[in-house]
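K.L.:
Encoded as structure tokens, here's the structure I'll be asking about.
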Amino acid sequence: MDLHSSYPGLIDLKWRAQRRLPRFVWDFLDSGTGTEATKSRNRAALDRIGFTPSILHGPIEPDVRTTLLGQPYPQPFGISPIGMSGMVWPDAEALLARAAARAGVPYCLSTVASASPEDVAPHLGEHAWFQLYPPKDGEIRRDLLKRARDAGFGTLVLTVDVPVASRRERQTRSGLTHPPRLTPRLMAQVCLRPGWAMGMARKGMPRMRTLDKYIAGAQANLPPTAHIGYLLRTSPDMDYVRWLRDNWDGPFLIKGILRPGDAAPLEQVGVDALWVSNHAGRQFDGSPASIEVLPAIRAATSLPLIFDSGIESGLDILRALALGADFVMLGRGFHYALAALGAPGPAHLIDLLTRDMQANMGQIGAHDLQTLPPPTDLPRLC
């Protein structure tokens with residue numbers, strides 16, 4: 001089957017994913033928080049960014065290669081961390097890590113993934129990133145860094161935009177809790193999705209395996225959208241960032257930047273890159289769209305900028321790059337692809353995004369990513 005004929009866009013993968021996942025899993029993956037206005041703003045703001053088409057420029061063979069932190073990449077995008085990926089699709093972390101390794105793009109594993117660094121280690125490629133939710137306990141912090149290094153993760157990403165658990169009302173209404181408990185209501189949804197159910201029967205219900213050794217016997221009375229990791233977590237400050245910089249000997253990124261004023265202090269303490277993100281609308285419903293603040297952050301720092309939130313196409317990637325990003329990451333999109341197609345899904349999405357970038361670069365006369373024309377503002381859609 002020609003996947004490009006059946007699934008020519010990310011939206012096609014998203015529709016198929018929704019049909020294959022139990023409702024509570026779909027709501028976990030697709031939902032934001034509050035009324036999901038931030039999630040909607042991300043999409044609307046991207047749609048307002050356009051380019052003026054170019055004509056009479058002769059044949060173009062667009063080159064989408066780039067360099068980030070001294071490392072060459074065949075495409076300017078990679079796979080973002082999502083907690084409990086293994087609930088979306090069985091063995092998700094290993095499948096995503098293998099797809100990234102084959103394509104030569106980054107894969108970022110979450111602290112609260114359903115696979116540990118040790119589980120994923122055999123599947124990692126050259127560009128393995130570990131996303132850290134900041135543990136309060138210093139010994140746990142040291143141990144997590146050592147485990148990540150020993151497993152083959154060369155880049156550390158500290159997420160700073162989750163000081164408290166978000167409410168994620170749609171997820172709560174779905175009946176999902178952490179750890180997942182299959183109530184009769186949820187079991188009825190599972191029975192309607194045999195592909196997902198058979199995979200989970202083989203692998204077992206997911207849990208946050210990285211944290212197993214730290215939370216044995218822990219008791220908690222947490223809201224349904226929080227998880228046991230919140231018992232270990234703290235809200236970091238600049239001293240915490242300095243400690244991590246001093247204790248990690250590879251590239252060190254800060255994820256969750258939305259204010260230009262935060263760039264200079266982080267640059268001064270030796271952070272290697274900033275990750276502009278509003279957590280894809282999953283954390284705070286009063287946030288600006290990430291793409292709206294990107295130009296001001298670009299103007300405030302010389303550090304490389306990574307971007308996420310709302311990316312759904314190769315054109316979206318070009319929009320972010322044209323406004324100052326050096327690299328783009330996708331989380332939901334790769335999980336839509338996994339849920340839609342299983343193991344072949346991530347590779348298809350990488351190919352799909354690459355082709356879409358090249359097609360749009362041909363329209364705007366860009367031979368490579370360094371010659372993208374300045375974007376234009378499009379009128380708001382009524």
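For the structure tokens, the naming scheme is as follows: chains receive sequential letters (A, B, ...) according to their order of presentation, residues are indexed from 1 within each chain, and ligands are indexed from 1 in presentation order.
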Please list as a list in words every residue within 10 Å of A:Gln75, counting only C-alpha atoms and excluding residues in the same chain fewer than 4 positions away.

P.N.:
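Within the cut-off, the hits are Asp63, Val64, Arg65, Thr66, Thr67, Ala103, Gly104, Val105, Pro106, Phe327, Val328, Ile350, Asp351, Leu353, Thr354, Met357 and Leu369 of chain A.
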
K.L.:
Using DSSP secondary structure from the backbone, list all alpha helix (DSSP H) positions within stretch 11-116 of chain A, as a PyMOL selection string.

P.N.:
chain A and resi 11-20+23-30+37-47+85-88+92-103

K.L.:
Report, in Å to a single decimal, how far apart atom CA of A:Arg20 and atom CA of A:Gly195 are.

P.N.:
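So the answer is 7.2 Å.
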
K.L.:
Atom CA of A:Val276 and atom CA of A:Val160 are how many Å apart?

P.N.:
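The value is 11.1 Å.
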
K.L.:
Take atom CA of A:Glu118 and atom CA of A:Ala151 and report the distance between them in Å, one decimal.

P.N.:
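It comes out at 5.6 Å.
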
K.L.:
Using only C-alpha atoms, which protein or nucleic acid residues come within 12 Å of A:Asp143? Drop anything in the same chain fewer than 6 positions from it, and give the result as a VMD selection string.

P.N.:
chain A and resid 117 132 135 137 149 to 150 210 to 211 213 to 214 247 to 248

K.L.:
Within 9 Å of stretch 34-50 of chain A, which residues of stretch 233-298 of chain A come that close, and what is the closest atom pair and distance in Å for each? Count only C-alpha atoms and give it as a Markdown table.

P.N.:
```
| residue | atom | partner | partner_atom | distance |
| --- | --- | --- | --- | --- |
| A:Asn278 | CA | A:Thr38 | CA | 8.2 |
| A:Ala280 | CA | A:Lys39 | CA | 6.0 |
| A:Gly281 | CA | A:Lys39 | CA | 4.4 |
| A:Arg282 | CA | A:Lys39 | CA | 7.5 |
| A:Gln283 | CA | A:Gly34 | CA | 8.9 |
| A:Phe284 | CA | A:Thr38 | CA | 7.4 |
| A:Asp285 | CA | A:Thr38 | CA | 5.0 |
| A:Gly286 | CA | A:Thr38 | CA | 6.4 |
| A:Ser287 | CA | A:Thr38 | CA | 5.9 |
| A:Pro288 | CA | A:Thr38 | CA | 6.8 |
| A:Ala289 | CA | A:Asn42 | CA | 4.6 |
| A:Ser290 | CA | A:Asn42 | CA | 6.6 |
| A:Ile291 | CA | A:Leu46 | CA | 6.7 |
| A:Glu292 | CA | A:Ala45 | CA | 6.8 |
```

K.L.:
So which residues touch A:Leu68 within 9 Å, counting only C-alpha atoms, skipping near sequence neighbours fewer than 5 positions away, as a PyMOL selection string?

P.N.:
chain A and resi 73+76+304+326-327

K.L.:
If we count only C-alpha atoms and set the cut-off at 8 Å, which residues sit around A:Leu158, ignoring sequence neighbours fewer than 2 positions away in its own chain? Please answer as a PyMOL selection string.

P.N.:
chain A and resi 131-134+156+160+252-255

K.L.:
Restricting the output to all heavy atoms, write the selected residues as an mmCIF file, in the first residue's frame.

P.N.:
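Output contents, as saved in result-v1.cif:
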```cif
data_model
loop_
_atom_site.group_PDB
_atom_site.id
_atom_site.type_symbol
_atom_site.label_atom_id
_atom_site.label_comp_id
_atom_site.auth_asym_id
_atom_site.auth_seq_id
_atom_site.Cartn_x
_atom_site.Cartn_y
_atom_site.Cartn_z
ATOM 1 N N GLN A 131 14.635 14.149 28.620
ATOM 2 C CA GLN A 131 13.869 15.262 29.190
ATOM 3 C C GLN A 131 13.678 15.016 30.678
ATOM 4 O O GLN A 131 13.166 13.985 31.093
ATOM 5 C CB GLN A 131 12.524 15.390 28.490
ATOM 6 C CG GLN A 131 11.622 16.470 29.053
ATOM 7 C CD GLN A 131 10.617 15.911 30.058
ATOM 8 O OE1 GLN A 131 10.382 14.714 30.110
ATOM 9 N NE2 GLN A 131 10.060 16.776 30.871
ATOM 10 N N LEU A 132 14.111 15.973 31.483
ATOM 11 C CA LEU A 132 14.082 15.846 32.938
ATOM 12 C C LEU A 132 12.968 16.690 33.532
ATOM 13 O O LEU A 132 12.933 17.913 33.352
ATOM 14 C CB LEU A 132 15.424 16.303 33.524
ATOM 15 C CG LEU A 132 15.574 16.181 35.040
ATOM 16 C CD1 LEU A 132 15.672 14.719 35.456
ATOM 17 C CD2 LEU A 132 16.792 16.962 35.514
ATOM 18 N N TYR A 133 12.043 16.027 34.255
ATOM 19 C CA TYR A 133 11.185 16.741 35.191
ATOM 20 C C TYR A 133 11.956 16.812 36.498
ATOM 21 O O TYR A 133 12.401 15.788 37.018
ATOM 22 C CB TYR A 133 9.853 16.029 35.365
ATOM 23 C CG TYR A 133 8.876 16.310 34.247
ATOM 24 C CD1 TYR A 133 8.360 15.281 33.462
ATOM 25 C CD2 TYR A 133 8.456 17.607 33.975
ATOM 26 C CE1 TYR A 133 7.467 15.540 32.432
ATOM 27 C CE2 TYR A 133 7.573 17.878 32.953
ATOM 28 C CZ TYR A 133 7.077 16.844 32.189
ATOM 29 O OH TYR A 133 6.200 17.106 31.168
ATOM 30 N N PRO A 134 12.130 17.994 37.072
ATOM 31 C CA PRO A 134 13.170 18.201 38.086
ATOM 32 C C PRO A 134 12.871 17.531 39.431
ATOM 33 O O PRO A 134 11.970 17.962 40.159
ATOM 34 C CB PRO A 134 13.207 19.726 38.237
ATOM 35 C CG PRO A 134 11.865 20.193 37.765
ATOM 36 C CD PRO A 134 11.439 19.246 36.703
ATOM 37 N N LEU A 156 20.636 16.828 27.564
ATOM 38 C CA LEU A 156 19.691 16.940 28.680
ATOM 39 C C LEU A 156 18.748 18.110 28.419
ATOM 40 O O LEU A 156 19.178 19.209 28.057
ATOM 41 C CB LEU A 156 20.439 17.175 29.985
ATOM 42 C CG LEU A 156 19.573 17.283 31.250
ATOM 43 C CD1 LEU A 156 18.902 15.952 31.568
ATOM 44 C CD2 LEU A 156 20.419 17.758 32.439
ATOM 45 N N VAL A 160 10.657 23.346 32.366
ATOM 46 C CA VAL A 160 10.481 24.295 33.465
ATOM 47 C C VAL A 160 9.069 24.862 33.538
ATOM 48 O O VAL A 160 8.787 25.700 34.398
ATOM 49 C CB VAL A 160 11.500 25.454 33.350
ATOM 50 C CG1 VAL A 160 12.918 24.929 33.497
ATOM 51 C CG2 VAL A 160 11.345 26.210 32.031
ATOM 52 N N PHE A 252 22.886 21.129 27.061
ATOM 53 C CA PHE A 252 21.876 21.324 28.104
ATOM 54 C C PHE A 252 20.857 22.344 27.601
ATOM 55 O O PHE A 252 21.203 23.481 27.297
ATOM 56 C CB PHE A 252 22.568 21.800 29.381
ATOM 57 C CG PHE A 252 21.632 22.112 30.518
ATOM 58 C CD1 PHE A 252 20.480 21.376 30.754
ATOM 59 C CD2 PHE A 252 21.927 23.161 31.390
ATOM 60 C CE1 PHE A 252 19.637 21.677 31.809
ATOM 61 C CE2 PHE A 252 21.102 23.461 32.448
ATOM 62 C CZ PHE A 252 19.952 22.723 32.661
ATOM 63 N N LEU A 253 19.602 21.931 27.495
ATOM 64 C CA LEU A 253 18.524 22.748 26.947
ATOM 65 C C LEU A 253 17.486 23.040 28.024
ATOM 66 O O LEU A 253 17.255 22.214 28.915
ATOM 67 C CB LEU A 253 17.820 22.013 25.797
ATOM 68 C CG LEU A 253 18.501 21.913 24.427
ATOM 69 C CD1 LEU A 253 19.893 21.300 24.510
ATOM 70 C CD2 LEU A 253 17.633 21.106 23.479
ATOM 71 N N ILE A 254 16.851 24.188 27.917
ATOM 72 C CA ILE A 254 15.730 24.549 28.800
ATOM 73 C C ILE A 254 14.462 24.611 27.964
ATOM 74 O O ILE A 254 14.380 25.370 26.989
ATOM 75 C CB ILE A 254 15.968 25.910 29.493
ATOM 76 C CG1 ILE A 254 17.245 25.875 30.334
ATOM 77 C CG2 ILE A 254 14.766 26.276 30.356
ATOM 78 C CD1 ILE A 254 17.184 24.963 31.530
ATOM 79 N N LYS A 255 13.467 23.833 28.354
ATOM 80 C CA LYS A 255 12.206 23.718 27.603
ATOM 81 C C LYS A 255 11.071 24.405 28.352
ATOM 82 O O LYS A 255 10.861 24.153 29.540
ATOM 83 C CB LYS A 255 11.867 22.242 27.388
ATOM 84 C CG LYS A 255 10.570 21.986 26.627
ATOM 85 C CD LYS A 255 10.362 20.488 26.440
ATOM 86 C CE LYS A 255 9.125 20.190 25.589
ATOM 87 N NZ LYS A 255 7.865 20.497 26.304
#
```

K.L.:
Within 9 Å of A:Leu186, counting only C-alpha atoms, which residues qualify if same-chain residues fewer than 6 places away don't, as a PyMOL selection string?

P.N.:
chain A and resi 22-24+174-176

K.L.:
For A:Phe153, find every residue with an atom within 7 Å (counting only C-alpha atoms), except residues of its own chain fewer than 2 positions away, and show them as a ChimeraX atom specification.

P.N.:
/A:128-130,148-149,151,155

K.L.:
As number ranges by chain, please: every residue in stretch 104-258 of chain A that a backbone DSSP assignment puts in strand (DSSP E).

P.N.:
A: 107-110, 128-132, 155-159, 252-257

K.L.:
With distances taken over only C-alpha atoms, which residue among A:Phe77, A:Tyr107, A:Trp89, A:Tyr336 lies nearest A:Asp308?

P.N.:
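Closest residue, counting only C-alpha atoms: A:Phe77.
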
K.L.:
Check the smallest atom-to-atom distance from each of A:Gly333, A:Pro53, A:Gly250, A:Gly32 to A:Arg168 using only C-alpha atoms, then report the winner.

P.N.:
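Nearest candidate to A:Arg168 out of A:Gly333, A:Pro53, A:Gly250, A:Gly32: A:Gly32.
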
K.L.:
Taking only C-alpha atoms into account, name the residue in A:Ile82, A:Ile140, A:Val293, A:Ala121 that is nearest to A:Cys108.

P.N.:
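Of A:Ile82, A:Ile140, A:Val293, A:Ala121, the one nearest A:Cys108, counting only C-alpha atoms, is A:Ile82.
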
K.L.:
Nearest to A:Ile306: which of A:Gly154, A:Pro59, A:Gly324, A:Pro379 is it, counting only C-alpha atoms?

P.N.:
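Of all the options, A:Gly324 lies closest to A:Ile306.
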
K.L.:
Which residue is closest to A:Ser54? Choose from A:Pro374, A:Leu349, A:Asn360, A:Gly365 and count only C-alpha atoms.

P.N.:
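Checking each of A:Pro374, A:Leu349, A:Asn360, A:Gly365 against A:Ser54, counting only C-alpha atoms, the winner is A:Gly365.
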